[in-house]
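Have a look at the structure below, then the notes.
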Amino acid sequence: MSDFTFLYRGRDTNASPEQMQKTMEKWRAWFKQLGENGHLKDIGHPLENAGKVVKGKQKSVTDGPFAEAKDVVGGFTLIQAQDLEHAVELSKGCPILEAGGSVEVRPIQVINM
Amino acid sequence: MVAVLTRLFGVHNLALAEDVVQDAFCRALEVWSFRGVPENPAAWLMAAAKNRALDMLRRERTARTYEPELSRFLQSEWTLAPVVQEMFTDNAIKDDQLRMMFSCCHPRLPEEAQVMLILHILCGFGIDEVASAFVTTYTAVEKRIPRAKKVLAESNRLFDTQAPSDFSTRLPAVQRALYLLFNEGYHGASAEFTVRAELCDEAIRLAKLLLEHPLGATPSSYALSALLCLNKARLPARVDASGKLNSLFDQDRSRWDQRLIGEGLQLLELSAEGAELTEYHVEAGIAAVHATAPSMQATNWQEIVSLYDTLMTIRPTPIVALNRAIAVGQRDSAECGLRELRAIPDSDRLAKYPFYHAAFGEFELQNGQAENATGHFEIALKLARNQKERQFFENRILRAVRP
């Protein structure tokens with residue numbers, strides 16, 4: 001088993017309260033299933049859209065990230081899967097895809113000593 | 001929640017208040033997606049809205065104009081947080097809902113628009129839910145609510161519930177709106193029992209809010225609350241789970257809510273003070289006689305007829321006259337009932353009202369004139385305004401044909 005992160009992008013900000021509620025139930029169901037199958041290492045958190053970006057040697061601080069809504073990371077989860085293909089398969093159940101968003105699947109780098 | 005925030009931002013910033021609530025809700029659901037729904041979601045949402053409002057006020061401190069009496073507190077960080085904190089206490093929330101309720105009953109708005117606005121802003125009904133409560137189209141409500149909100153926003157400030165003369169001038173309109181809100185649930189066309197019960201419950205909740213205000217706790221407000229409780233108590237037997245209507249004759253009285261009846265009777269007692277006798281008093285009196293009667297036959301019809309006589313002096317409408325005639329028929333005989341029905345003044349105004357013809361049908365049926373009865377029920381059926389009424393009259397016809 002290896003560890004992966006799922007990075008969620010493209011939250012739907014125009015949904016009605018009823019749609020939002022349905023979406024939440026789908027997320028709960030998806031997480032539940034991942035958990036029951038032992039793939040959920042850390043459920044993670046949703047993230048606020050706006051924060052600060054600290055940059056370079058000057059450590060300059062700016063408001064941000066001011067990317068387009070669909071490009072901003074809206075949350076993350078730590079996943080356990082056999083390999084990258086398996087993790088990708090698991091990500092396909094994510095409700096954000098139905099709303100036109102994306103899941104970025106990234107293996108966590110490990111060095112076996 | 002919108003009521004509290006509108007108090008904070010000012011009524012002209014109603015849209016901002018709604019955005020804040022929507023935003024708080026969306027963010028709450030995102031967090032709950034990951035962390036699970038907390039034990040007290042309502043309190044959680046209130047807290048989220050409060051924080052969001054603080055953010056908004058800090059960010060836009062100078063960009064907008066707020067409610068004049070509050071704006072000076074909102075300018076300084078030292079007073080901002082305590083003021084916002086104060087607004088979100090239980091008492092302040094109730095007070096804000098009352099203000100909003102009075103604001104919604106703006107004299108420039110037609111009664112139906114007032115009720116829709118109350119449902120939308122104070123009861124949190126979405127456009128589609130308001131549409132289904134009023135059995136109208138989404139687009140119709142989508143047009144009416146923003147128009148009503150504009151009137152509200154143009155009034156520039158929320159209603160001041162501390163000014164005694166304004167309060168008592170507007171109080172009858174508020175009572176009327178709550179009465180209509182309740183009737184929409186009780187008599188309205190929505191087929192779903194849950195929708196109906198929810199409308200009635202909201203009306204009761206808001207009517208009780210009136211009783212908590214020193215200026216709102218008038219005998220007429222107590223009478224209104226009594227009326228709503230006594231009628232709501234009978235709702236489970238009046239409409240069954242599939243939305244089918246049962247007339248008072250056929251209701252299973254064991255399904256009446258005895259706790260609500262008790263509460264209604266107690267409120268009715270509290271309303272018996274002062275010299276003013278309102279239509280709510282009389283209607284609550286009638287409802288109380290029904291609610292305490294063990295059966296249709298054992299009902300004190302004499303009492304009901306005399307209450308209707310009183311109601312005719314306060315609100316002489318054809319519908320009241322119709323109900324009075326039915327009560328006379330129950331008290332005396334079907335023959336007398338028919339005579340009273342024919343004697344209703346302005347009965348042409350009832351010509352399109354299906355239950356007017358149905359009343360003829362019921363008395364003819366009791367008189368053994370099945371054929372006449374069927375004719376009347378058929379007219380009623382043609383005039384029926386929704387599926388539920390149609391189904392009800394079809395059943396009456398069946399019973400007339402095959403007793």
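Letters A, B, ... go to the chains of the structure tokens in the order shown; residues in each chain start at 1; ligands are counted from 1 in the same order.
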
When the cut-off is 10 Å and we count only C-alpha atoms, which residues of chain A are near chain B, given as a ChimeraX atom specification? /A:11-18,20-31,43-48,74-77

From a DSSP pass on the backbone, collect the residues of stretch 17-109 of chain A flagged as strand (DSSP E) and hand them back as a ChimeraX atom specification. /A:40-46,51-55,60-64,73-81,102-107

For atom CA of B:Leu270 and atom CA of B:Ala226, determine how far apart the two atoms are, in Å to one decimal place.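 For atom CA of B:Leu270 relative to atom CA of B:Ala226, the distance reads 9.1 Å.
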
Who sits within 8 Å of A:Ile96, only C-alpha atoms, same chain under 4 positions skipped, as a VMD selection string: chain A and resid 8 to 11 100 to 103

Requested write-out: N, CA and C atoms of the selected residues, as a PDB file, in the first residue's frame:
ATOM      1  N   TYR A   8      -8.640  18.563  -4.415  1.00  0.00           N
ATOM      2  CA  TYR A   8      -9.922  18.863  -5.078  1.00  0.00           C
ATOM      3  C   TYR A   8      -9.925  20.286  -5.596  1.00  0.00           C
ATOM      4  N   ARG A   9     -10.316  20.416  -6.848  1.00  0.00           N
ATOM      5  CA  ARG A   9     -10.411  21.765  -7.439  1.00  0.00           C
ATOM      6  C   ARG A   9     -11.778  21.968  -8.063  1.00  0.00           C
ATOM      7  N   GLY A  10     -12.202  23.245  -8.080  1.00  0.00           N
ATOM      8  CA  GLY A  10     -13.413  23.609  -8.819  1.00  0.00           C
ATOM      9  C   GLY A  10     -14.680  23.354  -8.043  1.00  0.00           C
ATOM     10  N   ARG A  11     -14.794  23.979  -6.881  1.00  0.00           N
ATOM     11  CA  ARG A  11     -16.044  23.828  -6.136  1.00  0.00           C
ATOM     12  C   ARG A  11     -17.138  24.632  -6.837  1.00  0.00           C
ATOM     13  N   GLY A 100     -18.255  19.263 -12.352  1.00  0.00           N
ATOM     14  CA  GLY A 100     -17.326  19.829 -13.331  1.00  0.00           C
ATOM     15  C   GLY A 100     -15.956  20.149 -12.755  1.00  0.00           C
ATOM     16  N   GLY A 101     -15.687  19.693 -11.524  1.00  0.00           N
ATOM     17  CA  GLY A 101     -14.393  19.959 -10.906  1.00  0.00           C
ATOM     18  C   GLY A 101     -13.383  18.869 -11.252  1.00  0.00           C
ATOM     19  N   SER A 102     -12.242  18.881 -10.566  1.00  0.00           N
ATOM     20  CA  SER A 102     -11.224  17.872 -10.848  1.00  0.00           C
ATOM     21  C   SER A 102     -10.594  17.354  -9.561  1.00  0.00           C
ATOM     22  N   VAL A 103     -10.027  16.156  -9.657  1.00  0.00           N
ATOM     23  CA  VAL A 103      -9.244  15.617  -8.549  1.00  0.00           C
ATOM     24  C   VAL A 103      -7.825  15.412  -9.064  1.00  0.00           C
TER      25      VAL A 103
END

So that I can check the surroundings of B:Glu111, please list as a ChimeraX atom specification every protein, DNA and RNA residue that reaches within 7 Å of it, counting only C-alpha atoms and ignoring chain neighbours fewer than 3 positions away. /B:114-115,177

Restricting it to N, CA and C atoms, dump the selection as a compact mmCIF listing (two decimals), in the first residue's frame.
# COMPACT_ATOMS: atom_id res chain seq x y z
N GLN B 114 -47.11 39.75 1.16
CA GLN B 114 -46.61 39.80 2.54
C GLN B 114 -46.36 38.39 3.06
N VAL B 115 -47.32 37.52 2.80
CA VAL B 115 -47.20 36.16 3.31
C VAL B 115 -46.02 35.45 2.64
N ALA B 177 -51.72 38.46 8.20
CA ALA B 177 -50.77 37.71 7.38
C ALA B 177 -50.52 36.32 7.98

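The coordinates place atom CA of B:Ala223 at 11.0 Å from atom CA of B:Glu276.
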
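With distances restricted to only C-alpha atoms, B:Pro219 is the closest residue to B:Thr278 from B:Gly185, B:Pro219, B:Gly375, B:Pro345.
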
Please provide the set of residues having any atom within 10 Å of stretch 255-264 of chain B, restricted to only C-alpha atoms, with same-chain residues fewer than 2 positions apart removed, written as a ChimeraX atom specification. /B:222-238,251-253,266-270,284,287-288,291-292

Go ahead and save the residues from that selection, with C-alpha atoms, as a PDB file, in the first residue's frame.
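Dumped to out-v8.pdb:
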ATOM      1  CA  TYR B 222     -53.838  35.468  22.204  1.00  0.00           C
ATOM      2  CA  ALA B 223     -57.070  34.717  20.359  1.00  0.00           C
ATOM      3  CA  LEU B 224     -55.161  34.276  17.091  1.00  0.00           C
ATOM      4  CA  SER B 225     -52.685  31.858  18.707  1.00  0.00           C
ATOM      5  CA  ALA B 226     -55.586  29.984  20.305  1.00  0.00           C
ATOM      6  CA  LEU B 227     -57.348  29.677  16.961  1.00  0.00           C
ATOM      7  CA  LEU B 228     -54.224  28.410  15.201  1.00  0.00           C
ATOM      8  CA  CYS B 229     -53.481  25.822  17.908  1.00  0.00           C
ATOM      9  CA  LEU B 230     -57.062  24.541  18.015  1.00  0.00           C
ATOM     10  CA  ASN B 231     -57.235  24.177  14.238  1.00  0.00           C
ATOM     11  CA  LYS B 232     -53.761  22.679  13.907  1.00  0.00           C
ATOM     12  CA  ALA B 233     -54.773  20.055  16.464  1.00  0.00           C
ATOM     13  CA  ARG B 234     -57.325  18.729  13.982  1.00  0.00           C
ATOM     14  CA  LEU B 235     -55.027  18.761  10.938  1.00  0.00           C
ATOM     15  CA  PRO B 236     -53.761  15.144  11.305  1.00  0.00           C
ATOM     16  CA  ALA B 237     -57.341  13.878  11.013  1.00  0.00           C
ATOM     17  CA  ARG B 238     -58.384  16.405   8.372  1.00  0.00           C
ATOM     18  CA  GLN B 251     -62.685  12.501  10.995  1.00  0.00           C
ATOM     19  CA  ASP B 252     -61.124  10.073  13.409  1.00  0.00           C
ATOM     20  CA  ARG B 253     -61.253  12.249  16.511  1.00  0.00           C
ATOM     21  CA  GLN B 266     -55.482  27.959  27.672  1.00  0.00           C
ATOM     22  CA  LEU B 267     -54.579  30.676  25.161  1.00  0.00           C
ATOM     23  CA  LEU B 268     -58.264  31.309  24.545  1.00  0.00           C
ATOM     24  CA  GLU B 269     -58.722  31.890  28.254  1.00  0.00           C
ATOM     25  CA  LEU B 270     -55.861  34.389  28.234  1.00  0.00           C
ATOM     26  CA  ALA B 284     -61.244  30.399  18.204  1.00  0.00           C
ATOM     27  CA  ALA B 287     -62.844  25.882  16.996  1.00  0.00           C
ATOM     28  CA  ALA B 288     -62.889  25.235  20.764  1.00  0.00           C
ATOM     29  CA  ALA B 291     -62.275  20.487  19.478  1.00  0.00           C
ATOM     30  CA  THR B 292     -63.947  19.589  22.769  1.00  0.00           C
TER      31      THR B 292
END

State, in Å with one decimal place, the distance from atom CA of B:Ala24 to atom CA of B:Leu45.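 A separation of 6.7 Å between them.
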